[in-house]
file input_26.cif (mmCIF, C-alpha atoms)
data_work
#
loop_
_atom_site.label_atom_id
_atom_site.label_comp_id
_atom_site.auth_asym_id
_atom_site.auth_seq_id
_atom_site.Cartn_x
_atom_site.Cartn_y
_atom_site.Cartn_z
CA MET A 1 0.00 0.00 0.00
CA ALA A 2 2.82 2.37 0.88
CA ASN A 3 4.50 1.36 -2.37
CA LEU A 4 1.36 2.22 -4.29
CA VAL A 5 1.17 5.68 -2.71
CA MET A 6 4.85 6.28 -3.47
CA PHE A 7 4.32 5.15 -7.04
CA CYS A 8 1.40 7.53 -7.51
CA ILE A 9 3.44 10.46 -6.17
CA LEU A 10 6.37 9.56 -8.43
CA ALA A 11 4.12 9.14 -11.47
CA VAL A 12 2.54 12.54 -10.90
CA VAL A 13 5.96 14.17 -10.47
CA ILE A 14 7.42 12.46 -13.55
CA LEU A 15 4.50 13.10 -15.89
CA GLY A 16 3.86 16.64 -14.68
CA SER A 17 7.51 17.61 -15.00
CA ALA A 18 7.77 15.93 -18.40
CA VAL A 19 4.77 17.83 -19.74
CA MET A 20 6.14 21.08 -18.37
CA CYS A 21 9.55 20.19 -19.83
CA VAL A 22 8.30 19.91 -23.39
CA THR A 23 5.81 22.77 -23.24
CA THR A 24 7.73 25.48 -21.41
CA LYS A 25 9.26 28.07 -23.67
CA SER A 26 12.42 28.80 -21.75
CA ILE A 27 15.19 26.25 -22.33
CA MET A 28 16.61 26.72 -18.85
CA ARG A 29 13.29 25.77 -17.31
CA ALA A 30 13.11 22.73 -19.58
CA ALA A 31 16.50 21.59 -18.22
CA THR A 32 15.30 22.09 -14.64
CA PHE A 33 12.14 20.08 -15.25
CA LEU A 34 14.28 17.39 -16.89
CA LEU A 35 16.16 17.19 -13.60
CA PHE A 36 12.89 16.50 -11.76
CA VAL A 37 11.97 13.81 -14.29
CA LEU A 38 15.35 12.15 -13.77
CA PHE A 39 14.93 12.18 -10.00
CA GLY A 40 11.46 10.67 -10.40
CA VAL A 41 12.80 7.89 -12.61
CA ALA A 42 15.50 7.22 -10.01
CA GLY A 43 12.68 6.95 -7.47
CA VAL A 44 10.98 4.36 -9.67
CA TYR A 45 14.18 2.32 -9.68
CA PHE A 46 14.35 2.55 -5.89
CA LEU A 47 10.74 1.41 -5.78
CA LEU A 48 11.67 -1.62 -7.87
CA ASP A 49 14.43 -2.38 -5.33
CA TYR A 50 17.15 -1.68 -7.91
CA THR A 51 19.02 0.58 -5.53
CA PHE A 52 22.27 0.47 -7.50
CA LEU A 53 20.47 1.52 -10.67
CA GLY A 54 18.83 4.41 -8.83
CA ALA A 55 22.19 5.57 -7.51
CA ALA A 56 23.71 5.33 -10.99
CA GLN A 57 20.78 7.26 -12.42
CA ILE A 58 21.19 10.06 -9.89
CA SER A 59 24.97 10.31 -10.20
CA VAL A 60 25.24 9.98 -13.98
CA TYR A 61 22.03 11.59 -15.19
CA ALA A 62 21.11 14.12 -12.52
CA GLY A 63 24.69 14.89 -11.61
CA GLY A 64 26.45 14.73 -14.95
CA ILE A 65 24.12 15.14 -17.88
CA THR A 66 22.07 17.97 -16.38
CA MET A 67 25.30 19.87 -15.68
CA LEU A 68 26.29 19.41 -19.33
CA TYR A 69 22.94 20.77 -20.44
CA ILE A 70 23.17 23.79 -18.19
CA PHE A 71 26.68 24.60 -19.40
CA ALA A 72 25.59 24.18 -23.02
CA ILE A 73 22.60 26.47 -22.47
CA GLN A 74 24.81 29.10 -20.87
CA LEU A 75 27.22 28.87 -23.81
CA VAL A 76 24.69 28.72 -26.60
CA SER A 77 21.36 30.33 -25.84
CA LYS A 78 22.16 33.83 -24.74
CA ARG A 79 18.89 35.04 -26.19
CA THR A 80 17.00 32.51 -24.15
CA LEU A 81 18.58 33.69 -20.96
CA GLN A 82 17.61 37.24 -21.74
CA GLY A 83 13.98 36.24 -21.83
CA ILE A 84 13.50 35.93 -25.56
CA THR A 85 12.14 32.48 -26.17
CA GLU A 86 11.37 30.31 -29.13
CA ARG A 87 7.94 30.47 -30.64
CA MET A 88 5.89 27.38 -31.24
CA LYS A 89 3.88 27.17 -34.42
CA GLY A 90 0.34 25.92 -34.04
CA SER A 91 0.49 23.56 -37.00
CA ARG A 92 3.59 21.88 -35.63
CA VAL A 93 2.01 21.48 -32.20
CA ILE A 94 -1.03 19.83 -33.80
CA THR A 95 1.19 17.51 -35.87
CA GLY A 96 3.21 16.52 -32.83
CA MET A 97 0.16 15.96 -30.69
CA LEU A 98 -1.48 13.85 -33.40
CA SER A 99 1.55 11.62 -33.92
CA ALA A 100 2.11 11.26 -30.17
CA LEU A 101 -1.56 10.38 -29.59
CA ILE A 102 -1.64 7.79 -32.38
CA GLY A 103 1.52 6.14 -31.09
CA LEU A 104 0.26 6.29 -27.52
CA VAL A 105 -3.01 4.56 -28.39
CA VAL A 106 -1.26 1.84 -30.43
CA VAL A 107 1.39 1.06 -27.80
CA GLY A 108 -1.08 1.37 -24.93
CA VAL A 109 -3.54 -1.08 -26.46
CA VAL A 110 -0.75 -3.55 -27.24
CA LEU A 111 0.59 -3.33 -23.67
CA LEU A 112 -2.75 -3.53 -21.90
CA LYS A 113 -4.13 -6.34 -24.07
CA ASN A 114 -1.12 -8.46 -23.24
CA GLN A 115 -1.39 -10.92 -20.38
CA PHE A 116 1.44 -10.42 -17.98
CA ILE A 117 -0.83 -9.74 -15.03
CA ASP A 118 -0.68 -13.23 -13.55
CA MET A 119 3.11 -13.23 -13.48
CA SER A 120 3.43 -9.92 -11.69
CA ALA A 121 2.93 -11.45 -8.24
CA GLN A 122 6.36 -13.05 -8.35
CA MET A 123 8.27 -9.92 -7.46
CA ALA A 124 10.00 -10.36 -4.12
CA ASP A 125 10.04 -7.26 -1.94
CA ALA A 126 13.79 -7.46 -1.31
CA GLU A 127 16.73 -5.51 -2.57
CA VAL A 128 18.93 -7.11 -5.22
CA PRO A 129 22.19 -7.83 -3.35
CA MET A 130 25.20 -5.80 -4.40
CA GLU A 131 27.35 -8.93 -4.45
CA GLN A 132 25.19 -10.48 -7.15
CA ILE A 133 25.37 -7.32 -9.25
CA GLY A 134 29.14 -7.06 -8.90
CA THR A 135 29.72 -10.71 -9.79
CA ALA A 136 27.50 -10.47 -12.83
CA LEU A 137 29.07 -7.19 -13.94
CA LEU A 138 32.66 -8.37 -13.79
CA GLY A 139 32.33 -12.09 -14.50
CA SER A 140 33.22 -13.62 -17.84
CA GLU A 141 30.87 -16.59 -17.90
CA LYS A 142 27.39 -16.99 -19.31
CA TYR A 143 25.01 -14.17 -18.27
CA GLN A 144 27.92 -12.13 -16.99
CA TYR A 145 28.93 -8.84 -18.41
CA VAL A 146 32.64 -8.09 -18.37
CA LEU A 147 32.81 -7.70 -22.16
CA PRO A 148 30.21 -4.91 -22.46
CA PHE A 149 31.73 -3.35 -19.36
CA GLU A 150 35.16 -3.11 -21.01
CA PHE A 151 33.57 -2.12 -24.28
CA ILE A 152 31.72 0.79 -22.72
CA SER A 153 34.93 2.08 -21.16
CA VAL A 154 36.59 2.15 -24.59
CA PHE A 155 33.43 3.74 -25.98
CA LEU A 156 33.52 6.49 -23.35
CA LEU A 157 37.17 7.18 -24.20
CA ALA A 158 36.28 7.43 -27.89
CA CYS A 159 33.45 9.84 -27.04
CA ILE A 160 35.76 12.01 -24.91
CA ILE A 161 38.25 12.29 -27.77
CA GLY A 162 35.48 12.85 -30.31
CA GLY A 163 33.84 15.53 -28.18
CA ILE A 164 37.11 17.41 -27.78
CA MET A 165 37.85 17.12 -31.51
CA ILE A 166 34.45 18.49 -32.47
CA ALA A 167 34.17 21.24 -29.90
CA ARG A 168 37.66 22.76 -30.04
CA LYS A 169 38.19 25.96 -31.98
CA GLU A 170 39.84 25.38 -35.32
CA GLU A 171 43.03 27.30 -35.79
CA GLN A 172 43.13 29.92 -38.47
CA LYS A 173 45.38 28.84 -41.27
CA MET B 1 1.41 -4.25 -4.79
CA ILE B 2 1.80 -2.12 -7.86
CA PRO B 3 0.42 -3.77 -11.01
CA VAL B 4 2.87 -4.06 -13.86
CA GLU B 5 0.52 -2.15 -16.14
CA ALA B 6 0.93 0.96 -14.01
CA TYR B 7 4.67 1.07 -14.73
CA LEU B 8 4.10 0.36 -18.41
CA VAL B 9 1.48 3.09 -18.74
CA LEU B 10 3.84 5.52 -16.98
CA SER B 11 6.71 4.73 -19.33
CA THR B 12 4.48 4.82 -22.41
CA LEU B 13 3.17 8.25 -21.46
CA LEU B 14 6.72 9.48 -20.79
CA PHE B 15 7.90 8.11 -24.15
CA PHE B 16 5.21 9.89 -26.12
CA ILE B 17 5.63 13.12 -24.20
CA GLY B 18 9.24 12.91 -25.36
CA VAL B 19 8.16 12.23 -28.96
CA PHE B 20 5.79 15.19 -28.82
CA GLY B 21 8.59 17.41 -27.59
CA PHE B 22 10.93 16.18 -30.29
CA VAL B 23 8.42 16.96 -33.03
CA THR B 24 7.33 20.30 -31.57
CA ARG B 25 10.52 22.01 -30.46
CA ARG B 26 12.95 23.55 -32.90
CA ASN B 27 15.76 24.40 -30.50
CA LEU B 28 18.57 21.84 -30.69
CA ILE B 29 19.04 21.59 -26.92
CA ALA B 30 15.31 21.26 -26.31
CA MET B 31 15.18 18.43 -28.86
CA LEU B 32 18.06 16.71 -27.07
CA ILE B 33 16.20 17.05 -23.76
CA SER B 34 13.16 15.38 -25.36
CA VAL B 35 15.40 12.52 -26.49
CA GLU B 36 16.50 12.11 -22.88
CA LEU B 37 12.86 11.72 -21.85
CA VAL B 38 12.42 8.96 -24.46
CA LEU B 39 15.59 7.21 -23.27
CA ASN B 40 14.39 7.31 -19.67
CA ALA B 41 11.04 5.79 -20.63
CA VAL B 42 12.85 2.91 -22.35
CA ASP B 43 15.10 2.44 -19.32
CA ILE B 44 12.06 2.17 -17.04
CA ASN B 45 10.63 -0.48 -19.33
CA PHE B 46 13.81 -2.56 -19.26
CA ALA B 47 14.03 -2.40 -15.47
CA VAL B 48 10.34 -3.20 -14.96
CA PHE B 49 10.25 -6.15 -17.35
CA ASN B 50 13.33 -7.58 -15.70
CA ARG B 51 12.20 -7.00 -12.12
CA ILE B 52 8.58 -8.04 -12.32
CA LEU B 53 8.55 -10.74 -14.97
CA PHE B 54 12.00 -12.31 -14.49
CA PRO B 55 13.17 -11.45 -10.96
CA GLY B 56 15.95 -14.04 -10.90
CA GLN B 57 17.90 -12.58 -13.80
CA LEU B 58 19.76 -9.33 -14.40
CA GLU B 59 19.62 -8.77 -18.17
CA GLY B 60 17.34 -5.74 -18.14
CA PHE B 61 19.24 -4.31 -15.19
CA PHE B 62 22.50 -4.31 -17.11
CA MET B 63 20.82 -3.10 -20.26
CA THR B 64 19.57 -0.09 -18.29
CA LEU B 65 22.98 0.46 -16.67
CA PHE B 66 24.79 0.44 -20.02
CA ALA B 67 22.05 2.57 -21.60
CA ILE B 68 22.67 5.21 -18.91
CA GLY B 69 26.38 5.16 -19.74
CA VAL B 70 25.81 5.38 -23.48
CA ALA B 71 23.31 8.21 -22.97
CA ALA B 72 25.94 10.18 -21.08
CA ALA B 73 28.46 9.75 -23.90
CA GLU B 74 25.85 10.58 -26.53
CA THR B 75 24.86 13.76 -24.71
CA ALA B 76 28.49 14.90 -24.45
CA VAL B 77 29.14 14.46 -28.17
CA ALA B 78 25.78 15.98 -29.16
CA ILE B 79 26.44 19.04 -27.03
CA ALA B 80 29.90 19.41 -28.59
CA ILE B 81 28.23 19.36 -32.00
CA ILE B 82 25.61 21.90 -30.90
CA ILE B 83 28.29 24.27 -29.61
CA ASN B 84 30.10 23.94 -32.92
CA VAL B 85 26.88 24.61 -34.84
CA TYR B 86 26.30 27.70 -32.73
CA ARG B 87 29.82 28.89 -33.42
CA ASN B 88 29.36 28.55 -37.18
CA PHE B 89 25.75 29.66 -37.64
CA LYS B 90 25.24 31.95 -34.61
CA SER B 91 21.99 30.14 -33.91
CA ASP B 92 20.86 27.03 -32.08
CA ASN B 93 17.86 26.42 -34.25
CA VAL B 94 17.56 23.34 -36.45
CA ASN B 95 16.21 25.42 -39.32
CA SER B 96 19.51 27.28 -39.53
CA ILE B 97 21.35 24.09 -40.52
CA GLU B 98 20.45 23.60 -44.14
CA ASN B 99 23.70 22.43 -45.72
CA LEU B 100 26.06 19.73 -44.60
CA LYS B 101 28.99 21.73 -45.94
CA TRP B 102 29.18 25.44 -46.53
#
call {"tool": "encode", "arguments": {"input": "input_26.cif", "output": "structure tokens"}}
result
Amino acid sequence: MANLVMFCILAVVILGSAVMCVTTKSIMRAATFLLFVLFGVAGVYFLLDYTFLGAAQISVYAGGITMLYIFAIQLVSKRTLQGITERMKGSRVITGMLSALIGLVVVGVVLLKNQFIDMSAQMADAEVPMEQIGTALLGSEKYQYVLPFEFISVFLLACIIGGIMIARKEEQK
Amino acid sequence: MIPVEAYLVLSTLLFFIGVFGFVTRRNLIAMLISVELVLNAVDINFAVFNRILFPGQLEGFFMTLFAIGVAAAETAVAIAIIINVYRNFKSDNVNSIENLKW
């Protein structure tokens, strides 16, 4: 029962912030509402007893990515900070709303017509132990994930180098 | 006990709010923020399917974990590109980028 109440609060926070995030005109406010959405999603992970995932979500998304956005906004959108904001065309809003609604109805019907209800009682109300996560993350056997773990570290290095290459000022020749 | 449909409805709504934002906004950073909403909806789905339908396994968990990492890298590179676009076109609007090479 307490879980249900928590879930309702989180759902309201997530959906309300997401709607505000895409409809607000100021980019800075959109970034702030994105932060609330990310915290709400981290709360959903905590609710599912994936504590490690929630911590990763908060530290990587809320701590890192939001900072990147705020720096980018400060560097790029000087007009936005001065109060001049982008205008939304009515035709584009209608197009977006139509496509989103059609997709929503299709996916919603597919999800709700499916029969996973009977299986949902299996969820144990216990945290996934950190030892299990660590063994699976750094083991090299079946259903263990050391290869993607190493791969993502190389990938992050490639992205760091790529980001610096793209963003640096080119020298005048 | 939260029914699994509640999570799925939440993530579906979040996904299509993100799609709506992506179609509606014309500012590059705002579009990127909408993409983050979509990514988060997908992450919720992975975690929920893993936790509620297959509680003994960790596939969706690690998919979500790696998706968070990849999203961070993707955001960094995309923001580098946006800053470069702003430097060349003096605008952060998608409509200002009409040619691949100028």
call {"tool": "closest_residue", "arguments": {"input": "input_26.cif", "among": "A:Val106, A:Leu112, A:Leu47, A:Ala126", "to": "chain B", "atoms": "only C-alpha atoms"}}
result
A:Leu112
call {"tool": "resolve_selection", "arguments": {"input": "input_26.cif", "expression": "the PyMOL selection byres ((chain B) within 8 of (chain A))", "output": "ChimeraX atom specification"}}
result
/B:1-5,8-10,12-14,16-21,23-27,29-30,33-34,37,40,44,47-48,51-53,55,58-59,61-62,64-66,68-70,72-77,79-81,83-84,86,91-92
call {"tool": "atom_distance", "arguments": {"input": "input_26.cif", "atom1": "atom CA of Phe22 of chain B", "atom2": "atom CA of Leu39 of chain B"}}
result
12.3 Å
call {"tool": "atom_distance", "arguments": {"input": "input_26.cif", "atom1": "atom CA of Leu35 of chain A", "atom2": "atom CA of Ala78 of chain B"}}
result
18.3 Å
call {"tool": "atom_distance", "arguments": {"input": "input_26.cif", "atom1": "atom CA of Phe46 of chain B", "atom2": "atom CA of Arg29 of chain A"}}
result
28.4 Å
call {"tool": "closest_residue", "arguments": {"input": "input_26.cif", "among": "B:Ala41, B:Leu32, B:Gln57, B:Asn93", "to": "Gly40 of chain A", "atoms": "all atoms listed in the file"}}
result
B:Ala41
